[in-house]
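*Asks:* Just coords18.txt, nothing more (compact mmCIF, N, CA, C and O atoms):
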# COMPACT_ATOMS: atom_id res chain seq x y z
N MET F 1 -21.03 -12.14 68.29
CA MET F 1 -21.36 -10.74 68.33
C MET F 1 -22.23 -10.42 69.54
O MET F 1 -22.07 -9.37 70.14
N GLN F 2 -23.13 -11.33 69.86
CA GLN F 2 -24.02 -11.13 70.99
C GLN F 2 -23.22 -10.97 72.30
O GLN F 2 -23.54 -10.12 73.12
N GLU F 3 -22.17 -11.77 72.45
CA GLU F 3 -21.37 -11.71 73.67
C GLU F 3 -20.72 -10.33 73.85
O GLU F 3 -20.73 -9.77 74.94
N VAL F 4 -20.16 -9.81 72.77
CA VAL F 4 -19.51 -8.50 72.84
C VAL F 4 -20.54 -7.43 73.15
O VAL F 4 -20.30 -6.53 73.96
N HIS F 5 -21.71 -7.54 72.53
CA HIS F 5 -22.76 -6.55 72.79
C HIS F 5 -23.21 -6.63 74.25
O HIS F 5 -23.42 -5.60 74.90
N ASP F 6 -23.34 -7.84 74.78
CA ASP F 6 -23.72 -8.00 76.19
C ASP F 6 -22.67 -7.38 77.11
O ASP F 6 -23.01 -6.76 78.12
N MET F 7 -21.39 -7.55 76.76
CA MET F 7 -20.33 -6.93 77.55
C MET F 7 -20.45 -5.40 77.52
O MET F 7 -20.29 -4.73 78.53
N TYR F 8 -20.75 -4.90 76.33
CA TYR F 8 -20.92 -3.46 76.17
C TYR F 8 -22.08 -2.97 77.04
O TYR F 8 -21.96 -1.97 77.75
N LEU F 9 -23.21 -3.70 76.98
CA LEU F 9 -24.38 -3.31 77.78
C LEU F 9 -24.07 -3.33 79.27
O LEU F 9 -24.51 -2.45 80.01
N SER F 10 -23.32 -4.32 79.71
CA SER F 10 -23.01 -4.42 81.13
C SER F 10 -22.12 -3.27 81.61
O SER F 10 -22.10 -2.94 82.80
N ALA F 11 -21.39 -2.65 80.68
CA ALA F 11 -20.52 -1.54 81.06
C ALA F 11 -21.27 -0.20 81.10
O ALA F 11 -20.77 0.76 81.66
N LEU F 12 -22.46 -0.17 80.52
CA LEU F 12 -23.24 1.07 80.52
C LEU F 12 -23.97 1.24 81.85
O LEU F 12 -24.42 0.27 82.45
N ASN F 13 -24.11 2.49 82.26
CA ASN F 13 -24.79 2.77 83.53
C ASN F 13 -26.14 3.44 83.32
O ASN F 13 -27.06 3.24 84.09
N ASP F 14 -26.23 4.25 82.31
CA ASP F 14 -27.44 5.03 82.04
C ASP F 14 -28.48 4.15 81.35
O ASP F 14 -28.21 3.55 80.31
N GLU F 15 -29.69 4.11 81.92
CA GLU F 15 -30.75 3.27 81.35
C GLU F 15 -31.12 3.68 79.92
O GLU F 15 -31.41 2.83 79.09
N SER F 16 -31.08 4.97 79.64
CA SER F 16 -31.42 5.41 78.27
C SER F 16 -30.35 4.96 77.28
O SER F 16 -30.67 4.58 76.14
N GLU F 17 -29.08 4.97 77.68
CA GLU F 17 -28.01 4.47 76.81
C GLU F 17 -28.16 2.97 76.58
O GLU F 17 -27.94 2.48 75.48
N ILE F 18 -28.52 2.26 77.64
CA ILE F 18 -28.72 0.81 77.52
C ILE F 18 -29.85 0.52 76.54
O ILE F 18 -29.73 -0.34 75.66
N GLU F 19 -30.95 1.24 76.68
CA GLU F 19 -32.09 1.03 75.79
C GLU F 19 -31.73 1.37 74.34
O GLU F 19 -32.08 0.63 73.41
N LEU F 20 -31.01 2.47 74.14
CA LEU F 20 -30.58 2.83 72.79
C LEU F 20 -29.66 1.77 72.20
O LEU F 20 -29.77 1.43 71.01
N ALA F 21 -28.75 1.25 73.01
CA ALA F 21 -27.83 0.20 72.54
C ALA F 21 -28.60 -1.06 72.16
O ALA F 21 -28.29 -1.72 71.17
N ARG F 22 -29.60 -1.41 72.96
CA ARG F 22 -30.42 -2.59 72.65
C ARG F 22 -31.19 -2.39 71.34
O ARG F 22 -31.27 -3.30 70.51
N GLN F 23 -31.77 -1.21 71.19
CA GLN F 23 -32.51 -0.92 69.96
C GLN F 23 -31.58 -0.97 68.75
O GLN F 23 -31.95 -1.51 67.70
N TRP F 24 -30.40 -0.39 68.90
CA TRP F 24 -29.42 -0.39 67.80
C TRP F 24 -29.08 -1.83 67.42
O TRP F 24 -29.08 -2.19 66.25
N TYR F 25 -28.78 -2.65 68.42
CA TYR F 25 -28.40 -4.05 68.15
C TYR F 25 -29.57 -4.82 67.52
O TYR F 25 -29.38 -5.57 66.56
N ASP F 26 -30.77 -4.63 68.06
CA ASP F 26 -31.94 -5.33 67.52
C ASP F 26 -32.17 -4.96 66.06
O ASP F 26 -32.47 -5.82 65.23
N THR F 27 -32.00 -3.68 65.74
CA THR F 27 -32.17 -3.23 64.35
C THR F 27 -31.15 -3.90 63.44
O THR F 27 -31.48 -4.41 62.37
N ARG F 28 -29.88 -3.92 63.87
CA ARG F 28 -28.83 -4.53 63.06
C ARG F 28 -29.04 -6.04 62.93
O ARG F 28 -28.83 -6.61 61.88
N ASP F 29 -29.47 -6.65 64.02
CA ASP F 29 -29.72 -8.09 64.00
C ASP F 29 -30.83 -8.43 63.01
O ASP F 29 -30.72 -9.38 62.24
N LYS F 30 -31.88 -7.62 63.01
CA LYS F 30 -32.99 -7.84 62.06
C LYS F 30 -32.51 -7.63 60.63
O LYS F 30 -32.91 -8.37 59.73
N ASP F 31 -31.66 -6.63 60.40
CA ASP F 31 -31.11 -6.40 59.06
C ASP F 31 -30.33 -7.61 58.57
O ASP F 31 -30.47 -8.03 57.42
N VAL F 32 -29.52 -8.17 59.46
CA VAL F 32 -28.72 -9.35 59.09
C VAL F 32 -29.65 -10.52 58.79
O VAL F 32 -29.45 -11.24 57.79
N LEU F 33 -30.65 -10.73 59.62
CA LEU F 33 -31.58 -11.84 59.39
C LEU F 33 -32.33 -11.68 58.06
O LEU F 33 -32.50 -12.64 57.31
N ARG F 34 -32.75 -10.44 57.77
CA ARG F 34 -33.44 -10.20 56.49
C ARG F 34 -32.50 -10.47 55.31
O ARG F 34 -32.90 -11.05 54.31
N SER F 35 -31.27 -10.04 55.44
CA SER F 35 -30.30 -10.27 54.37
C SER F 35 -30.04 -11.76 54.18
O SER F 35 -29.96 -12.24 53.05
N LYS F 36 -29.92 -12.48 55.28
CA LYS F 36 -29.73 -13.93 55.18
C LYS F 36 -30.93 -14.58 54.51
O LYS F 36 -30.79 -15.50 53.70
N GLN F 37 -32.14 -14.11 54.85
CA GLN F 37 -33.34 -14.66 54.23
C GLN F 37 -33.35 -14.38 52.73
O GLN F 37 -33.71 -15.25 51.94
N ARG F 38 -32.92 -13.17 52.33
CA ARG F 38 -32.84 -12.86 50.90
C ARG F 38 -31.87 -13.78 50.20
O ARG F 38 -32.13 -14.26 49.09
N ILE F 39 -30.74 -14.06 50.84
CA ILE F 39 -29.76 -14.97 50.25
C ILE F 39 -30.37 -16.35 50.10
O ILE F 39 -30.25 -16.98 49.04
N ASN F 40 -31.05 -16.83 51.14
CA ASN F 40 -31.69 -18.14 51.06
C ASN F 40 -32.73 -18.18 49.95
O ASN F 40 -32.84 -19.16 49.22
N ASP F 41 -33.51 -17.10 49.82
CA ASP F 41 -34.52 -17.04 48.76
C ASP F 41 -33.86 -17.09 47.38
O ASP F 41 -34.32 -17.81 46.49
N TYR F 42 -32.79 -16.31 47.20
CA TYR F 42 -32.09 -16.32 45.91
C TYR F 42 -31.51 -17.70 45.62
O TYR F 42 -31.59 -18.19 44.50
N LEU F 43 -30.91 -18.31 46.62
CA LEU F 43 -30.33 -19.64 46.41
C LEU F 43 -31.41 -20.66 46.09
O LEU F 43 -31.22 -21.53 45.23
N HIS F 44 -32.54 -20.56 46.77
CA HIS F 44 -33.66 -21.46 46.48
C HIS F 44 -34.14 -21.27 45.03
O HIS F 44 -34.34 -22.25 44.30
N ASP F 45 -34.29 -20.01 44.63
CA ASP F 45 -34.70 -19.72 43.25
C ASP F 45 -33.66 -20.23 42.25
O ASP F 45 -34.01 -20.76 41.19
N ALA F 46 -32.39 -20.06 42.59
CA ALA F 46 -31.32 -20.53 41.70
C ALA F 46 -31.37 -22.05 41.55
O ALA F 46 -31.21 -22.57 40.44
N LYS F 47 -31.62 -22.76 42.65
CA LYS F 47 -31.71 -24.22 42.57
C LYS F 47 -32.90 -24.64 41.71
O LYS F 47 -32.81 -25.56 40.90
N LYS F 48 -34.05 -23.95 41.91
CA LYS F 48 -35.23 -24.27 41.09
C LYS F 48 -34.94 -24.03 39.63
O LYS F 48 -35.24 -24.85 38.77
N LEU F 49 -34.34 -22.88 39.34
CA LEU F 49 -34.03 -22.53 37.96
C LEU F 49 -33.00 -23.48 37.38
O LEU F 49 -33.09 -23.87 36.21
N HIS F 50 -32.04 -23.87 38.21
CA HIS F 50 -31.02 -24.82 37.75
C HIS F 50 -31.65 -26.17 37.39
O HIS F 50 -31.31 -26.75 36.37
N SER F 51 -32.60 -26.62 38.21
CA SER F 51 -33.26 -27.89 37.90
C SER F 51 -34.11 -27.75 36.64
O SER F 51 -34.18 -28.67 35.83
N LEU F 52 -34.74 -26.58 36.45
CA LEU F 52 -35.48 -26.34 35.21
C LEU F 52 -34.54 -26.33 34.02
O LEU F 52 -34.84 -26.86 32.96
N HIS F 53 -33.39 -25.72 34.21
CA HIS F 53 -32.38 -25.65 33.16
C HIS F 53 -31.94 -27.06 32.77
O HIS F 53 -31.82 -27.39 31.59
N ASP F 54 -31.69 -27.91 33.76
CA ASP F 54 -31.30 -29.30 33.48
C ASP F 54 -32.39 -30.03 32.73
O ASP F 54 -32.12 -30.76 31.77
N THR F 55 -33.64 -29.82 33.14
CA THR F 55 -34.77 -30.46 32.47
C THR F 55 -34.87 -29.97 31.03
O THR F 55 -35.06 -30.76 30.11
N ASP F 56 -34.74 -28.65 30.83
CA ASP F 56 -34.80 -28.08 29.48
C ASP F 56 -33.66 -28.60 28.62
O ASP F 56 -33.84 -28.87 27.44
N SER F 57 -32.48 -28.75 29.22
CA SER F 57 -31.32 -29.24 28.46
C SER F 57 -31.56 -30.66 27.98
O SER F 57 -31.25 -31.00 26.85
N VAL F 58 -32.13 -31.49 28.85
CA VAL F 58 -32.41 -32.87 28.47
C VAL F 58 -33.45 -32.89 27.36
O VAL F 58 -33.30 -33.60 26.37
N LYS F 59 -34.51 -32.08 27.49
CA LYS F 59 -35.55 -32.02 26.46
C LYS F 59 -34.96 -31.53 25.15
O LYS F 59 -35.25 -32.04 24.08
N PHE F 60 -34.10 -30.51 25.22
CA PHE F 60 -33.53 -29.93 24.02
C PHE F 60 -32.60 -30.93 23.35
O PHE F 60 -32.62 -31.08 22.13
N LYS F 61 -31.80 -31.65 24.12
CA LYS F 61 -30.87 -32.62 23.55
C LYS F 61 -31.62 -33.79 22.92
O LYS F 61 -31.20 -34.34 21.91
N SER F 62 -32.74 -34.19 23.54
CA SER F 62 -33.47 -35.33 23.02
C SER F 62 -34.33 -34.93 21.82
O SER F 62 -34.76 -35.77 21.06
N SER F 63 -34.57 -33.64 21.66
CA SER F 63 -35.37 -33.15 20.55
C SER F 63 -34.52 -33.11 19.28
O SER F 63 -33.34 -32.81 19.30
N ARG F 64 -35.13 -33.38 18.17
CA ARG F 64 -34.39 -33.32 16.91
C ARG F 64 -34.57 -31.97 16.23
O ARG F 64 -34.04 -31.74 15.16
N HIS F 65 -35.31 -31.10 16.90
CA HIS F 65 -35.53 -29.76 16.33
C HIS F 65 -34.35 -28.88 16.71
O HIS F 65 -33.80 -28.99 17.78
N SER F 66 -34.01 -27.97 15.83
CA SER F 66 -32.88 -27.08 16.12
C SER F 66 -33.34 -25.63 16.22
O SER F 66 -32.70 -24.73 15.74
N ARG F 67 -34.49 -25.43 16.80
CA ARG F 67 -34.95 -24.05 17.00
C ARG F 67 -34.18 -23.42 18.14
O ARG F 67 -33.35 -24.07 18.76
N GLY F 68 -34.47 -22.16 18.45
CA GLY F 68 -33.76 -21.44 19.51
C GLY F 68 -33.72 -22.21 20.82
O GLY F 68 -34.68 -22.86 21.18
N SER F 69 -32.62 -22.13 21.50
CA SER F 69 -32.43 -22.88 22.73
C SER F 69 -33.37 -22.41 23.83
O SER F 69 -33.29 -21.27 24.26
N PRO F 70 -34.27 -23.29 24.28
CA PRO F 70 -35.16 -22.89 25.37
C PRO F 70 -34.40 -22.75 26.69
O PRO F 70 -34.86 -22.10 27.60
N SER F 71 -33.24 -23.38 26.75
CA SER F 71 -32.48 -23.31 28.00
C SER F 71 -31.66 -22.04 28.11
O SER F 71 -31.19 -21.70 29.18
N SER F 72 -31.50 -21.31 27.01
CA SER F 72 -30.67 -20.11 27.08
C SER F 72 -31.29 -19.05 27.97
O SER F 72 -30.58 -18.37 28.70
N SER F 73 -32.63 -18.91 27.91
CA SER F 73 -33.26 -17.91 28.78
C SER F 73 -33.20 -18.35 30.24
O SER F 73 -32.97 -17.53 31.12
N SER F 74 -33.38 -19.64 30.50
CA SER F 74 -33.29 -20.09 31.89
C SER F 74 -31.85 -20.02 32.37
O SER F 74 -31.59 -19.77 33.54
N SER F 75 -30.90 -20.23 31.46
CA SER F 75 -29.49 -20.11 31.81
C SER F 75 -29.15 -18.67 32.18
O SER F 75 -28.43 -18.41 33.15
N THR F 76 -29.70 -17.74 31.45
CA THR F 76 -29.50 -16.32 31.74
C THR F 76 -30.13 -15.97 33.08
O THR F 76 -29.53 -15.27 33.89
N LYS F 77 -31.33 -16.47 33.32
CA LYS F 77 -32.00 -16.23 34.60
C LYS F 77 -31.20 -16.83 35.74
O LYS F 77 -31.08 -16.22 36.80
N LEU F 78 -30.66 -18.00 35.52
CA LEU F 78 -29.85 -18.66 36.56
C LEU F 78 -28.63 -17.81 36.90
O LEU F 78 -28.33 -17.58 38.07
N ARG F 79 -27.94 -17.30 35.88
CA ARG F 79 -26.76 -16.45 36.13
C ARG F 79 -27.17 -15.16 36.86
O ARG F 79 -26.46 -14.70 37.74
N LEU F 80 -28.32 -14.61 36.50
CA LEU F 80 -28.81 -13.40 37.15
C LEU F 80 -29.11 -13.68 38.63
O LEU F 80 -28.69 -12.92 39.51
N ILE F 81 -29.78 -14.77 38.92
CA ILE F 81 -30.11 -15.12 40.30
C ILE F 81 -28.84 -15.43 41.08
O ILE F 81 -28.69 -15.00 42.23
N GLU F 82 -27.91 -16.14 40.48
CA GLU F 82 -26.64 -16.43 41.17
C GLU F 82 -25.88 -15.14 41.47
O GLU F 82 -25.30 -14.98 42.52
N GLY F 83 -25.92 -14.20 40.53
CA GLY F 83 -25.27 -12.91 40.75
C GLY F 83 -25.93 -12.14 41.88
O GLY F 83 -25.25 -11.55 42.72
N LYS F 84 -27.25 -12.17 41.92
CA LYS F 84 -27.97 -11.50 43.01
C LYS F 84 -27.66 -12.16 44.35
O LYS F 84 -27.51 -11.48 45.36
N ALA F 85 -27.57 -13.48 44.35
CA ALA F 85 -27.24 -14.19 45.59
C ALA F 85 -25.84 -13.82 46.06
O ALA F 85 -25.62 -13.58 47.25
N ARG F 86 -24.89 -13.77 45.14
CA ARG F 86 -23.53 -13.37 45.51
C ARG F 86 -23.51 -11.94 46.04
O ARG F 86 -22.85 -11.64 47.04
N SER F 87 -24.25 -11.07 45.38
CA SER F 87 -24.32 -9.68 45.82
C SER F 87 -24.93 -9.57 47.22
O SER F 87 -24.41 -8.84 48.07
N ALA F 88 -26.01 -10.30 47.46
CA ALA F 88 -26.64 -10.27 48.77
C ALA F 88 -25.70 -10.84 49.83
O ALA F 88 -25.63 -10.33 50.95
N ALA F 89 -24.98 -11.90 49.48
CA ALA F 89 -24.04 -12.50 50.44
C ALA F 89 -22.93 -11.51 50.78
O ALA F 89 -22.55 -11.38 51.95
N LEU F 90 -22.43 -10.80 49.79
CA LEU F 90 -21.39 -9.80 50.04
C LEU F 90 -21.93 -8.65 50.87
O LEU F 90 -21.23 -8.11 51.73
N GLU F 91 -23.17 -8.29 50.63
CA GLU F 91 -23.79 -7.22 51.41
C GLU F 91 -23.91 -7.62 52.88
O GLU F 91 -23.60 -6.84 53.78
N VAL F 92 -24.31 -8.86 53.13
CA VAL F 92 -24.41 -9.36 54.51
C VAL F 92 -23.04 -9.39 55.15
O VAL F 92 -22.86 -8.97 56.30
N GLU F 93 -22.05 -9.86 54.41
CA GLU F 93 -20.70 -9.92 54.95
C GLU F 93 -20.18 -8.52 55.29
O GLU F 93 -19.57 -8.30 56.33
N ALA F 94 -20.45 -7.56 54.41
CA ALA F 94 -20.01 -6.18 54.66
C ALA F 94 -20.68 -5.61 55.90
O ALA F 94 -20.03 -4.99 56.74
N ARG F 95 -21.98 -5.86 56.04
CA ARG F 95 -22.70 -5.38 57.23
C ARG F 95 -22.13 -6.03 58.49
O ARG F 95 -21.94 -5.37 59.50
N PHE F 96 -21.89 -7.32 58.39
CA PHE F 96 -21.35 -8.05 59.53
C PHE F 96 -19.99 -7.47 59.93
O PHE F 96 -19.74 -7.24 61.12
N LEU F 97 -19.13 -7.23 58.96
CA LEU F 97 -17.81 -6.69 59.27
C LEU F 97 -17.90 -5.29 59.87
O LEU F 97 -17.14 -4.95 60.78
N LYS F 98 -18.82 -4.48 59.38
CA LYS F 98 -19.00 -3.14 59.94
C LYS F 98 -19.47 -3.23 61.39
O LYS F 98 -18.98 -2.50 62.25
N GLU F 99 -20.44 -4.12 61.63
CA GLU F 99 -20.95 -4.28 62.98
C GLU F 99 -19.87 -4.83 63.91
O GLU F 99 -19.72 -4.37 65.04
N LYS F 100 -19.10 -5.77 63.41
CA LYS F 100 -18.02 -6.35 64.20
C LYS F 100 -17.00 -5.27 64.56
O LYS F 100 -16.53 -5.20 65.70
N GLN F 101 -16.67 -4.43 63.59
CA GLN F 101 -15.71 -3.36 63.83
C GLN F 101 -16.27 -2.35 64.83
O GLN F 101 -15.56 -1.91 65.74
N ALA F 102 -17.54 -2.02 64.71
CA ALA F 102 -18.15 -1.07 65.65
C ALA F 102 -18.15 -1.63 67.06
O ALA F 102 -17.85 -0.92 68.03
N LEU F 103 -18.48 -2.91 67.19
CA LEU F 103 -18.47 -3.53 68.51
C LEU F 103 -17.07 -3.63 69.08
O LEU F 103 -16.86 -3.43 70.27
N ARG F 104 -16.10 -3.92 68.23
CA ARG F 104 -14.72 -3.99 68.69
C ARG F 104 -14.25 -2.61 69.18
O ARG F 104 -13.59 -2.50 70.21
N MET F 105 -14.62 -1.57 68.43
CA MET F 105 -14.25 -0.22 68.84
C MET F 105 -14.90 0.14 70.17
O MET F 105 -14.28 0.74 71.05
N ALA F 106 -16.18 -0.24 70.32
CA ALA F 106 -16.87 0.04 71.57
C ALA F 106 -16.23 -0.72 72.72
O ALA F 106 -16.07 -0.18 73.81
N SER F 107 -15.85 -1.94 72.45
CA SER F 107 -15.19 -2.75 73.47
C SER F 107 -13.84 -2.14 73.87
O SER F 107 -13.50 -2.09 75.05
N GLU F 108 -13.09 -1.66 72.89
CA GLU F 108 -11.81 -1.02 73.17
C GLU F 108 -11.99 0.27 73.96
O GLU F 108 -11.20 0.57 74.85
N GLU F 109 -13.07 1.00 73.66
CA GLU F 109 -13.34 2.23 74.41
C GLU F 109 -13.62 1.90 75.87
O GLU F 109 -13.22 2.63 76.77
N LEU F 110 -14.33 0.79 76.09
CA LEU F 110 -14.63 0.40 77.47
C LEU F 110 -13.38 0.01 78.24
O LEU F 110 -13.29 0.23 79.45
N GLU F 111 -12.42 -0.55 77.54
CA GLU F 111 -11.18 -0.95 78.19
C GLU F 111 -10.33 0.24 78.59
O GLU F 111 -9.52 0.16 79.51
N LEU F 112 -10.50 1.36 77.88
CA LEU F 112 -9.72 2.57 78.20
C LEU F 112 -10.30 3.19 79.41
O LEU F 112 -10.16 3.44 80.40
Since I need it in another form, could you write the structure as structure tokens?
*Replies:*
Amino acid sequence: MQEVHDMYLSALNDESEIELARQWYDTRDKDVLRSKQRINDYLHDAKKLHSLHDTDSVKFKSSRHSRGSPSSSSSTKLRLIEGKARSAALEVEARFLKEKQALRMASEELEL
């Protein structure tokens, strides 16, 4: 994406347009990085919760008590975190595709 943006910048002549294009790209780049960080955070939380779930499952199986499953709440939390991670990943992918399409359109305009 950076290469296409650099090509776009090199085709611009007006300094104010160049600065606006740089600001636009920097903003989008930061958005993508933040989204990736959110995905990493969700995945990290999911792994932690998954390991807790495994530990709870072992404790529950080794226990002779048949009270409510302590792993059911962590299992629910795990599914919730996995769902959030999937949602964040799809959001990043959608942003990426929009940016890619915008850059492709700008590149095509430059070719005309």
*Asks:* Using all atoms listed in the file, which residues sit within 7 Å of segment 88-92 of chain F once same-chain residues fewer than 2 positions away are excluded, as a list in words?
*Replies:* Asp31, Val32, Ser35, Lys36, Arg38, Ile39, Glu82, Gly83, Lys84, Ala85, Arg86, Ala94, Arg95, Phe96, Leu97 and Lys98 of chain F
*Asks:* Within 8 Å of His5 of chain F, counting all atoms listed in the file, which residues qualify if same-chain residues fewer than 2 places away don't, as a JSON list (two decimals) with N, CA, C and O atoms, keeping the file's coordinate frame?
*Replies:*
[["chain", "number", "residue", "atom", "x", "y", "z"],
["F", 1, "MET", "N", -21.03, -12.14, 68.29],
["F", 1, "MET", "CA", -21.36, -10.74, 68.33],
["F", 1, "MET", "C", -22.23, -10.42, 69.54],
["F", 1, "MET", "O", -22.07, -9.37, 70.14],
["F", 2, "GLN", "N", -23.13, -11.33, 69.86],
["F", 2, "GLN", "CA", -24.02, -11.13, 70.99],
["F", 2, "GLN", "C", -23.22, -10.97, 72.30],
["F", 2, "GLN", "O", -23.54, -10.12, 73.12],
["F", 3, "GLU", "N", -22.17, -11.77, 72.45],
["F", 3, "GLU", "CA", -21.37, -11.71, 73.67],
["F", 3, "GLU", "C", -20.72, -10.33, 73.85],
["F", 3, "GLU", "O", -20.73, -9.77, 74.94],
["F", 7, "MET", "N", -21.39, -7.55, 76.76],
["F", 7, "MET", "CA", -20.33, -6.93, 77.55],
["F", 7, "MET", "C", -20.45, -5.40, 77.52],
["F", 7, "MET", "O", -20.29, -4.73, 78.53],
["F", 8, "TYR", "N", -20.75, -4.90, 76.33],
["F", 8, "TYR", "CA", -20.92, -3.46, 76.17],
["F", 8, "TYR", "C", -22.08, -2.97, 77.04],
["F", 8, "TYR", "O", -21.96, -1.97, 77.75],
["F", 9, "LEU", "N", -23.21, -3.70, 76.98],
["F", 9, "LEU", "CA", -24.38, -3.31, 77.78],
["F", 9, "LEU", "C", -24.07, -3.33, 79.27],
["F", 9, "LEU", "O", -24.51, -2.45, 80.01],
["F", 10, "SER", "N", -23.32, -4.32, 79.71],
["F", 10, "SER", "CA", -23.01, -4.42, 81.13],
["F", 10, "SER", "C", -22.12, -3.27, 81.61],
["F", 10, "SER", "O", -22.10, -2.94, 82.80],
["F", 11, "ALA", "N", -21.39, -2.65, 80.68],
["F", 11, "ALA", "CA", -20.52, -1.54, 81.06],
["F", 11, "ALA", "C", -21.27, -0.20, 81.10],
["F", 11, "ALA", "O", -20.77, 0.76, 81.66],
["F", 12, "LEU", "N", -22.46, -0.17, 80.52],
["F", 12, "LEU", "CA", -23.24, 1.07, 80.52],
["F", 12, "LEU", "C", -23.97, 1.24, 81.85],
["F", 12, "LEU", "O", -24.42, 0.27, 82.45],
["F", 21, "ALA", "N", -28.75, 1.25, 73.01],
["F", 21, "ALA", "CA", -27.83, 0.20, 72.54],
["F", 21, "ALA", "C", -28.60, -1.06, 72.16],
["F", 21, "ALA", "O", -28.29, -1.72, 71.17],
["F", 22, "ARG", "N", -29.60, -1.41, 72.96],
["F", 22, "ARG", "CA", -30.42, -2.59, 72.65],
["F", 22, "ARG", "C", -31.19, -2.39, 71.34],
["F", 22, "ARG", "O", -31.27, -3.30, 70.51],
["F", 25, "TYR", "N", -28.78, -2.65, 68.42],
["F", 25, "TYR", "CA", -28.40, -4.05, 68.15],
["F", 25, "TYR", "C", -29.57, -4.82, 67.52],
["F", 25, "TYR", "O", -29.38, -5.57, 66.56],
["F", 103, "LEU", "N", -18.48, -2.91, 67.19],
["F", 103, "LEU", "CA", -18.47, -3.53, 68.51],
["F", 103, "LEU", "C", -17.07, -3.63, 69.08],
["F", 103, "LEU", "O", -16.86, -3.43, 70.27],
["F", 104, "ARG", "N", -16.10, -3.92, 68.23],
["F", 104, "ARG", "CA", -14.72, -3.99, 68.69],
["F", 104, "ARG", "C", -14.25, -2.61, 69.18],
["F", 104, "ARG", "O", -13.59, -2.50, 70.21]]
*Asks:* For Arg79 of chain F, please output as a list in words all residues within 12 Å (counting only C-alpha atoms; exclusion window: fewer than 4 positions along the same chain).
*Replies:* Tyr42, Leu43, Asp45, Ala46, Lys47, Leu49, His50, His53, Ser72, Ser73, Ser74, Ser75, Gly83, Lys84, Ala85 and Arg86 of chain F
*Asks:* Atom O of Asn13 of chain F and atom O of Lys30 of chain F are how many Å apart?
*Replies:*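 According to the coordinates, atom O of Asn13 of chain F and atom O of Lys30 of chain F are separated by 27.6 Å.
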*Asks:* Work out how far apart atom CA of Glu108 of chain F and atom CA of Glu15 of chain F are and give it in Å to one decimal.
*Replies:*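 Taking atom CA of Glu108 of chain F and atom CA of Glu15 of chain F, their separation equals 21.1 Å.
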*Asks:* If I take atom O of Ala106 of chain F and atom O of Val4 of chain F, how far is one from the other in Å, to one decimal?
*Replies:* 7.6 Å
*Asks:* With 3 Å added on each side, what axis-aligned box encloses every listed atom of segment 24-28 of chain F? Give the centre and edge lengths in Å to one decimal, as JSON.
*Replies:*
{"center_x": -30.4, "center_y": -3.5, "center_z": 65.4, "size_x": 10.1, "size_y": 12.2, "size_z": 13.0}
